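A.B. asks: Sharing a structure below in structure tokens format, with a few things to ask.
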Amino acid sequence: MAAEATDSAVPLWRGGFGRLWSAAVLSGFGDALRTAALPLLAVTLTDEPLLVAAVTACGQLPWLLFGLLGGAVADRVDQRRAMWTVDAVRGLLVAGFAVAVALGHASIPLLIVLAFTLTTLQTLFDNAATALLPTVVHPDALGSANARLMTGQRIAGGLLAGPVVPLLLVAGAALPFAADAVTFLLAAVLVATLPTTAPDRAARPAGSTLRREIADGLRTLVRDRALRGLCAATALCNIGMGALIATLVVLVTDWLRAGETGYAVALTAYAVGSLAGGAANGRITGRVGRLRAVLLAGTAQLCALVVMGSVRSTVALVAALAVFGFMGMVWNVNTTTLTQQHSPAGMLGRVSSAHRTLAVAGAPLGALLGGAVAAAWGANTPALLAAVFFALSVAALIPAARSDVPVVVPGDGVTTAPGHR
């Protein structure tokens, strides 16, 4: 049986990975600006809560409609070209929207169309990006590369963009969108200049269709025990995450009586924990292995959720959220890396799209469940409901982590080429 792969190397900043990291961080910063500014703009255009919510909902719907299709297309095309083309198109769209806002032509229908179109394009971009990364870095450095990408995006989007949005809005409602357009276009240039080599792809059988290729990807996912367990675990934990996120503000301000300041401190603790998790992931994975690191992360998050829902203390909540964020980053880095390592060459886009589609589908379901149990049994119960789903998620991972399950080692099932993402 092959030994489990761990992070035994770091990606080289010079060349492809440095450009890819810079593009990802720029895009994360711009996305955070736009995500924060869109609802703020919406509430100036209408006082109907349903219309404001529709803007956010239409920004999630394309993953359910086109997520699997985006993965299949990503496996067919040159991923680098697909990424920079999508970013260039998104940059032009957002730039046009910024002009419309500056001229006073913004409207709720326009916001809805923009949100839906950008996310539709994102279904191709994100799946292509996941498939491209193993061609830009050495296989031994794949986990470290994922950790650095996710940590950089969290810093740019979670810590830097938030304080900038109010400053930009004071100067003009169009500025956050103009800045987002610039980040898209800069990211497109960086990705376009990546020194990658296109991976070899087997010729598609005669008569092959996108529907058949999507089905092939799903069958591959179901037949691989590790991929199947990771996908089921992702779906379950995202239901729990949806329940927690949708009601966290009520938990802090109502059950704990900590007010807006307590809520801000809680969110900061989560963000700082996430950054620490990205920094420590390599050491954790080196000690316990990648699959067991995911199990450890899920178990620790389960315990943190129990504390959040049962200990009526702001200090305990802040500590629990720091742990939750820390282990959440460990979970995200290793599930992404395992998906990349276990997916057969030429199918990574389709496999990763199934994970993302299930994640998006689980979050709104969890939000509805969280709201229902909070109304029925109290503001602390959504955290306990989330703990139940995390327990089920950990249980789904146990078969994949058994010692008799083959695990991909560096070089197995990963297409390697100079300048991987």
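We label chains A, B, ... in the order they appear in the structure tokens, count residues from 1 in each chain, and number ligands from 1 in the order shown.
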Identify, on the basis of only C-alpha atoms, every residue whose closest approach to A:Gly277 does not exceed 7 Å; exclude the query and any residue fewer than 3 positions from it along the same chain; express the result as JSON, numbers by chain.
C.D. replies: {"A": [273, 274, 280, 281, 326, 327, 329, 330]}
A.B. asks: Write the selection just made, keeping all heavy atoms, as an mmCIF file, in the first residue's frame?
C.D. replies:
data_model
loop_
_atom_site.group_PDB
_atom_site.id
_atom_site.type_symbol
_atom_site.label_atom_id
_atom_site.label_comp_id
_atom_site.auth_asym_id
_atom_site.auth_seq_id
_atom_site.Cartn_x
_atom_site.Cartn_y
_atom_site.Cartn_z
ATOM 1 N N GLY A 273 -7.803 32.834 13.307
ATOM 2 C CA GLY A 273 -7.641 31.385 13.395
ATOM 3 C C GLY A 273 -7.401 30.756 12.042
ATOM 4 O O GLY A 273 -6.566 29.846 11.900
ATOM 5 N N SER A 274 -8.103 31.232 11.018
ATOM 6 C CA SER A 274 -7.920 30.699 9.668
ATOM 7 C C SER A 274 -6.503 30.928 9.166
ATOM 8 O O SER A 274 -5.877 30.033 8.581
ATOM 9 C CB SER A 274 -8.917 31.354 8.715
ATOM 10 O OG SER A 274 -10.248 31.065 9.075
ATOM 11 N N ALA A 280 0.075 26.649 9.858
ATOM 12 C CA ALA A 280 0.430 25.429 10.585
ATOM 13 C C ALA A 280 0.073 24.156 9.840
ATOM 14 O O ALA A 280 0.438 23.061 10.279
ATOM 15 C CB ALA A 280 -0.267 25.422 11.950
ATOM 16 N N ASN A 281 -0.627 24.266 8.721
ATOM 17 C CA ASN A 281 -1.131 23.071 8.046
ATOM 18 C C ASN A 281 -0.032 22.082 7.677
ATOM 19 O O ASN A 281 -0.192 20.875 7.841
ATOM 20 C CB ASN A 281 -1.907 23.471 6.797
ATOM 21 C CG ASN A 281 -2.381 22.262 6.018
ATOM 22 O OD1 ASN A 281 -3.308 21.571 6.406
ATOM 23 N ND2 ASN A 281 -1.719 21.997 4.896
ATOM 24 N N PHE A 326 -9.197 27.932 12.523
ATOM 25 C CA PHE A 326 -7.909 27.256 12.373
ATOM 26 C C PHE A 326 -8.099 25.904 11.687
ATOM 27 O O PHE A 326 -7.453 25.602 10.672
ATOM 28 C CB PHE A 326 -7.291 27.068 13.766
ATOM 29 C CG PHE A 326 -5.924 26.444 13.766
ATOM 30 C CD1 PHE A 326 -4.789 27.233 13.899
ATOM 31 C CD2 PHE A 326 -5.763 25.082 13.638
ATOM 32 C CE1 PHE A 326 -3.523 26.656 13.906
ATOM 33 C CE2 PHE A 326 -4.506 24.489 13.651
ATOM 34 C CZ PHE A 326 -3.378 25.290 13.781
ATOM 35 N N MET A 327 -9.003 25.104 12.245
ATOM 36 C CA MET A 327 -9.204 23.771 11.692
ATOM 37 C C MET A 327 -9.970 23.794 10.369
ATOM 38 O O MET A 327 -9.837 22.890 9.551
ATOM 39 C CB MET A 327 -9.943 22.899 12.715
ATOM 40 C CG MET A 327 -9.066 22.489 13.884
ATOM 41 S SD MET A 327 -7.605 21.572 13.302
ATOM 42 C CE MET A 327 -6.796 21.186 14.867
ATOM 43 N N MET A 329 -9.365 25.914 7.977
ATOM 44 C CA MET A 329 -8.346 26.066 6.949
ATOM 45 C C MET A 329 -7.619 24.755 6.711
ATOM 46 O O MET A 329 -7.325 24.389 5.554
ATOM 47 C CB MET A 329 -7.355 27.160 7.355
ATOM 48 C CG MET A 329 -6.277 27.423 6.322
ATOM 49 S SD MET A 329 -6.914 28.056 4.752
ATOM 50 C CE MET A 329 -7.131 29.794 5.159
ATOM 51 N N VAL A 330 -7.322 24.006 7.765
ATOM 52 C CA VAL A 330 -6.694 22.692 7.607
ATOM 53 C C VAL A 330 -7.595 21.782 6.772
ATOM 54 O O VAL A 330 -7.138 21.067 5.869
ATOM 55 C CB VAL A 330 -6.403 22.058 8.985
ATOM 56 C CG1 VAL A 330 -5.910 20.622 8.839
ATOM 57 C CG2 VAL A 330 -5.381 22.897 9.749
#
A.B. asks: I'd like the contact shell of A:Thr285 - 12 Å cut-off, only C-alpha atoms, skipping same-chain residues fewer than 2 positions apart - returned as a short mmCIF file (atom, residue, chain, number, x, y, z; two decimals) with C-alpha atoms, in the first residue's frame.
C.D. replies:
data_model
loop_
_atom_site.label_atom_id
_atom_site.label_comp_id
_atom_site.auth_asym_id
_atom_site.auth_seq_id
_atom_site.Cartn_x
_atom_site.Cartn_y
_atom_site.Cartn_z
CA GLU A 4 -0.01 8.92 2.28
CA ALA A 5 1.28 12.07 0.69
CA THR A 6 2.20 14.98 2.91
CA ASP A 7 3.69 18.42 2.34
CA SER A 8 7.38 17.70 1.90
CA GLY A 143 -0.51 20.95 -0.30
CA SER A 144 1.78 23.85 0.57
CA ALA A 147 -2.30 26.54 1.82
CA GLY A 277 -4.34 27.25 10.32
CA GLY A 278 -2.90 28.00 6.91
CA ALA A 279 0.53 28.59 8.44
CA ALA A 280 0.43 25.43 10.58
CA ASN A 281 -1.13 23.07 8.05
CA GLY A 282 2.15 21.70 6.74
CA ARG A 283 3.35 20.67 10.20
CA ARG A 287 2.69 14.50 11.59
CA VAL A 288 -0.61 12.74 10.94
CA GLY A 289 -0.99 12.53 7.15
CA ARG A 290 -3.45 14.32 4.91
CA LEU A 291 -6.61 12.24 5.37
CA ARG A 292 -6.15 12.05 9.13
CA ALA A 293 -5.58 15.81 9.19
CA VAL A 294 -9.03 16.22 7.64
CA LEU A 295 -10.50 13.88 10.25
CA LEU A 296 -8.73 15.77 13.03
CA ALA A 297 -10.00 19.10 11.67
CA MET A 327 -9.20 23.77 11.69
CA VAL A 330 -6.69 22.69 7.61
CA TRP A 331 -9.86 21.02 6.31
CA VAL A 333 -6.40 22.85 2.21
CA ASN A 334 -6.30 19.09 2.58
CA THR A 335 -9.66 18.27 1.00
CA THR A 337 -5.27 18.72 -2.24
CA LEU A 338 -6.70 15.20 -1.85
#
A.B. asks: I need the residue nearest A:Ser393 from this list: A:Ala266, A:Leu321, A:Ala233, A:Leu168. Use only C-alpha atoms for the distance.
C.D. replies: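 Using only C-alpha atoms, the shortest distance to A:Ser393 belongs to A:Ala233.
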A.B. asks: Can you tell me which residues surround stretch 80-89 of chain A at a distance of at most 10 Å, considering only C-alpha atoms, apart from same-chain residues fewer than 2 positions away, and format the answer as a ChimeraX atom specification?
C.D. replies: /A:23,27,73-74,77-78,91-95,118,121-122,124-129,131-133,181-198,421
A.B. asks: Show me, as a list in words, the residues that have an atom within 8 Å of A:Arg350 when counting only C-alpha atoms, minus same-chain residues fewer than 4 positions from it.
C.D. replies: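 So, after excluding close chain neighbours, the residues are Leu68, Leu69, Gly70, Gly71, Ala72, Ala74, Asp75, Asn127, Ile214, Gly217, Leu218 and Ala354 of chain A.
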A.B. asks: Any idea what's packed within 8 Å of A:Ala179, counting only C-alpha atoms, ignoring anything in its chain fewer than 4 positions away? Could you give it as a count of residues only?
C.D. replies: 4
A.B. asks: From a DSSP calculation on the backbone, collect every residue of stretch 3-150 of chain A in helix (DSSP H, G or I) and output the set as a ChimeraX atom specification.
C.D. replies: /A:16-45,49-58,61-76,79-102,108-135,139-150
A.B. asks: Deliver the residues from the most recent selection as a file, using C-alpha atoms, as a CSV table (one decimal), in the first residue's frame.
C.D. replies:
chain,number,residue,atom,x,y,z
A,16,GLY,CA,4.3,30.2,-12.5
A,17,PHE,CA,3.2,29.8,-8.8
A,18,GLY,CA,4.2,33.4,-7.9
A,19,ARG,CA,2.1,34.8,-10.7
A,20,LEU,CA,-0.8,32.4,-10.0
A,21,TRP,CA,-0.7,33.4,-6.3
A,22,SER,CA,-0.7,37.1,-7.1
A,23,ALA,CA,-3.6,36.6,-9.5
A,24,ALA,CA,-5.6,34.7,-6.9
A,25,VAL,CA,-5.0,37.3,-4.1
A,26,LEU,CA,-5.9,40.2,-6.4
A,27,SER,CA,-9.1,38.5,-7.5
A,28,GLY,CA,-9.9,37.7,-3.9
A,29,PHE,CA,-9.5,41.3,-2.9
A,30,GLY,CA,-11.6,42.5,-5.8
A,31,ASP,CA,-14.3,39.9,-5.2
A,32,ALA,CA,-14.6,40.9,-1.5
A,33,LEU,CA,-15.0,44.6,-2.5
A,34,ARG,CA,-17.8,43.7,-4.9
A,35,THR,CA,-19.5,41.3,-2.6
A,36,ALA,CA,-19.6,43.9,0.2
A,37,ALA,CA,-20.7,46.7,-2.1
A,38,LEU,CA,-23.5,45.0,-4.0
A,39,PRO,CA,-25.9,44.6,-1.1
A,40,LEU,CA,-25.1,48.1,0.1
A,41,LEU,CA,-25.9,49.5,-3.3
A,42,ALA,CA,-29.0,47.4,-3.5
A,43,VAL,CA,-30.5,48.9,-0.3
A,44,THR,CA,-30.1,52.3,-1.8
A,45,LEU,CA,-32.2,51.2,-4.8
A,49,PRO,CA,-35.9,43.0,1.5
A,50,LEU,CA,-36.9,40.3,-1.0
A,51,LEU,CA,-35.3,42.2,-3.8
A,52,VAL,CA,-32.1,42.8,-1.8
A,53,ALA,CA,-31.9,39.1,-1.0
A,54,ALA,CA,-32.5,38.2,-4.7
A,55,VAL,CA,-29.2,39.9,-5.6
A,56,THR,CA,-27.3,37.5,-3.2
A,57,ALA,CA,-29.4,34.5,-4.3
A,58,CYS,CA,-28.7,35.1,-8.0
A,61,LEU,CA,-27.8,30.0,-8.2
A,62,PRO,CA,-25.4,29.5,-11.2
A,63,TRP,CA,-23.4,26.9,-9.2
A,64,LEU,CA,-26.5,24.8,-8.9
A,65,LEU,CA,-27.4,25.2,-12.6
A,66,PHE,CA,-24.0,25.2,-14.3
A,67,GLY,CA,-21.4,23.9,-11.7
A,68,LEU,CA,-21.1,20.4,-13.2
A,69,LEU,CA,-21.1,21.8,-16.7
A,70,GLY,CA,-18.3,24.2,-15.8
A,71,GLY,CA,-16.2,21.3,-14.6
A,72,ALA,CA,-16.8,19.3,-17.8
A,73,VAL,CA,-15.8,22.3,-19.9
A,74,ALA,CA,-12.7,22.9,-17.8
A,75,ASP,CA,-11.5,19.4,-18.6
A,76,ARG,CA,-12.0,20.0,-22.3
A,79,GLN,CA,-7.3,25.8,-18.5
A,80,ARG,CA,-4.8,28.7,-18.5
A,81,ARG,CA,-6.5,30.3,-21.5
A,82,ALA,CA,-10.0,29.7,-20.1
A,83,MET,CA,-9.0,31.4,-16.8
A,84,TRP,CA,-7.5,34.6,-18.3
A,85,THR,CA,-10.3,34.9,-20.9
A,86,VAL,CA,-12.9,34.6,-18.2
A,87,ASP,CA,-11.1,37.2,-16.0
A,88,ALA,CA,-10.9,39.6,-18.9
A,89,VAL,CA,-14.6,39.2,-19.7
A,90,ARG,CA,-15.5,39.7,-16.0
A,91,GLY,CA,-13.2,42.7,-15.8
A,92,LEU,CA,-15.0,44.4,-18.8
A,93,LEU,CA,-18.4,43.5,-17.4
A,94,VAL,CA,-17.7,45.0,-14.0
A,95,ALA,CA,-16.1,48.1,-15.6
A,96,GLY,CA,-19.2,48.6,-17.6
A,97,PHE,CA,-21.3,48.2,-14.5
A,98,ALA,CA,-19.1,50.8,-12.6
A,99,VAL,CA,-19.8,53.3,-15.4
A,100,ALA,CA,-23.5,52.6,-15.1
A,101,VAL,CA,-23.4,53.2,-11.4
A,102,ALA,CA,-21.4,56.4,-11.8
A,108,ILE,CA,-32.0,46.0,-9.1
A,109,PRO,CA,-32.5,44.1,-12.4
A,110,LEU,CA,-29.0,45.2,-13.5
A,111,LEU,CA,-27.5,44.0,-10.2
A,112,ILE,CA,-29.2,40.7,-10.5
A,113,VAL,CA,-28.0,40.2,-14.1
A,114,LEU,CA,-24.5,41.1,-13.1
A,115,ALA,CA,-24.4,38.8,-10.1
A,116,PHE,CA,-25.8,35.9,-12.1
A,117,THR,CA,-23.4,36.4,-15.0
A,118,LEU,CA,-20.3,36.8,-12.9
A,119,THR,CA,-21.0,33.6,-11.0
A,120,THR,CA,-21.8,31.7,-14.2
A,121,LEU,CA,-18.4,32.6,-15.5
A,122,GLN,CA,-16.9,31.7,-12.2
A,123,THR,CA,-18.1,28.1,-12.5
A,124,LEU,CA,-15.6,27.6,-15.4
A,125,PHE,CA,-12.8,29.7,-13.8
A,126,ASP,CA,-12.7,28.0,-10.4
A,127,ASN,CA,-12.8,24.5,-11.8
A,128,ALA,CA,-10.1,25.3,-14.4
A,129,ALA,CA,-8.0,26.9,-11.6
A,130,THR,CA,-8.2,23.7,-9.5
A,131,ALA,CA,-7.2,21.6,-12.5
A,132,LEU,CA,-4.4,23.9,-13.4
A,133,LEU,CA,-2.6,24.0,-10.1
A,134,PRO,CA,-1.0,20.5,-10.3
A,135,THR,CA,0.7,21.6,-13.5
A,139,PRO,CA,3.5,17.3,-6.7
A,140,ASP,CA,5.3,17.3,-3.3
A,141,ALA,CA,4.5,21.0,-3.0
A,142,LEU,CA,0.8,20.8,-3.9
A,143,GLY,CA,-0.5,20.9,-0.3
A,144,SER,CA,1.8,23.9,0.6
A,145,ALA,CA,0.7,25.7,-2.6
A,146,ASN,CA,-3.0,25.3,-1.7
A,147,ALA,CA,-2.3,26.5,1.8
A,148,ARG,CA,-0.5,29.6,0.5
A,149,LEU,CA,-3.2,30.4,-2.0
A,150,MET,CA,-6.0,30.1,0.5
A.B. asks: A:Gln340, A:Asn380, A:Ser353, A:Asn238: which is nearest A:Gly328, counting only C-alpha atoms?
C.D. replies: A:Asn238
A.B. asks: I'd like to know which of A:Met347, A:Cys237, A:Val306, A:Ile155 is closest to A:Gly362, using only C-alpha atoms.
C.D. replies: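 Smallest separation from A:Gly362 among the options: A:Cys237.
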A.B. asks: My list of candidates is A:Val318, A:Ala363, A:Arg312, A:Leu160. Which is closest to A:Thr261 when distances are computed with only C-alpha atoms?
C.D. replies: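 So, comparing all the options, the nearest one is A:Val318.
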A.B. asks: Might you pull out every residue within 8 Å of stretch 249-259 of chain A, with only C-alpha atoms counted and same-chain residues fewer than 2 positions away left off, and present them as a ChimeraX atom specification?
C.D. replies: /A:245-247,261-263,312-314,378-380
A.B. asks: So which residues touch A:Ile239 within 8 Å, counting only C-alpha atoms, skipping near sequence neighbours fewer than 5 positions away, as JSON, numbers by chain?
C.D. replies: {"A": [359, 362, 363, 364, 365, 366, 367, 386, 389]}
A.B. asks: Let's have the selection written as a PDB file, in the first residue's frame, with C-alpha atoms.
C.D. replies:
ATOM      1  CA  ALA A 359     -21.106  22.886  -1.084  1.00  0.00           C
ATOM      2  CA  GLY A 362     -25.734  22.647   1.283  1.00  0.00           C
ATOM      3  CA  ALA A 363     -25.250  26.211   2.549  1.00  0.00           C
ATOM      4  CA  PRO A 364     -28.753  27.595   1.819  1.00  0.00           C
ATOM      5  CA  LEU A 365     -30.348  24.388   3.108  1.00  0.00           C
ATOM      6  CA  GLY A 366     -28.382  24.765   6.328  1.00  0.00           C
ATOM      7  CA  ALA A 367     -29.351  28.428   6.590  1.00  0.00           C
ATOM      8  CA  ALA A 386     -24.186  22.269  12.945  1.00  0.00           C
ATOM      9  CA  PHE A 389     -23.853  17.633  10.678  1.00  0.00           C
TER      10      PHE A 389
END
A.B. asks: Quick one: distance from atom CA of A:Pro166 to atom CA of A:Gly325 in Å, one decimal?
C.D. replies: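 Those two atoms sit 25.2 Å apart.
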A.B. asks: To one decimal in Å, tell me the separation between atom CA of A:Cys303 and atom CA of A:Ala316.
C.D. replies: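 Atom CA of A:Ala316 lies 12.0 Å from atom CA of A:Cys303.
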A.B. asks: Go through A:Ala376, A:Ala304, A:Leu397, A:Leu103 one by one, measure the shortest atom-to-atom distance of each to A:Ala173 using only C-alpha atoms, and give the residue with the smallest value.
C.D. replies: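 Selected residue with least distance to A:Ala173: A:Leu103.
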A.B. asks: Given the choices A:Leu348, A:Leu302, A:Val388, A:Val360, which gets closest to A:Thr336 if the distance is worked out from only C-alpha atoms?
C.D. replies: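 Looking at the shortest contact to A:Thr336, the residue is A:Leu348.
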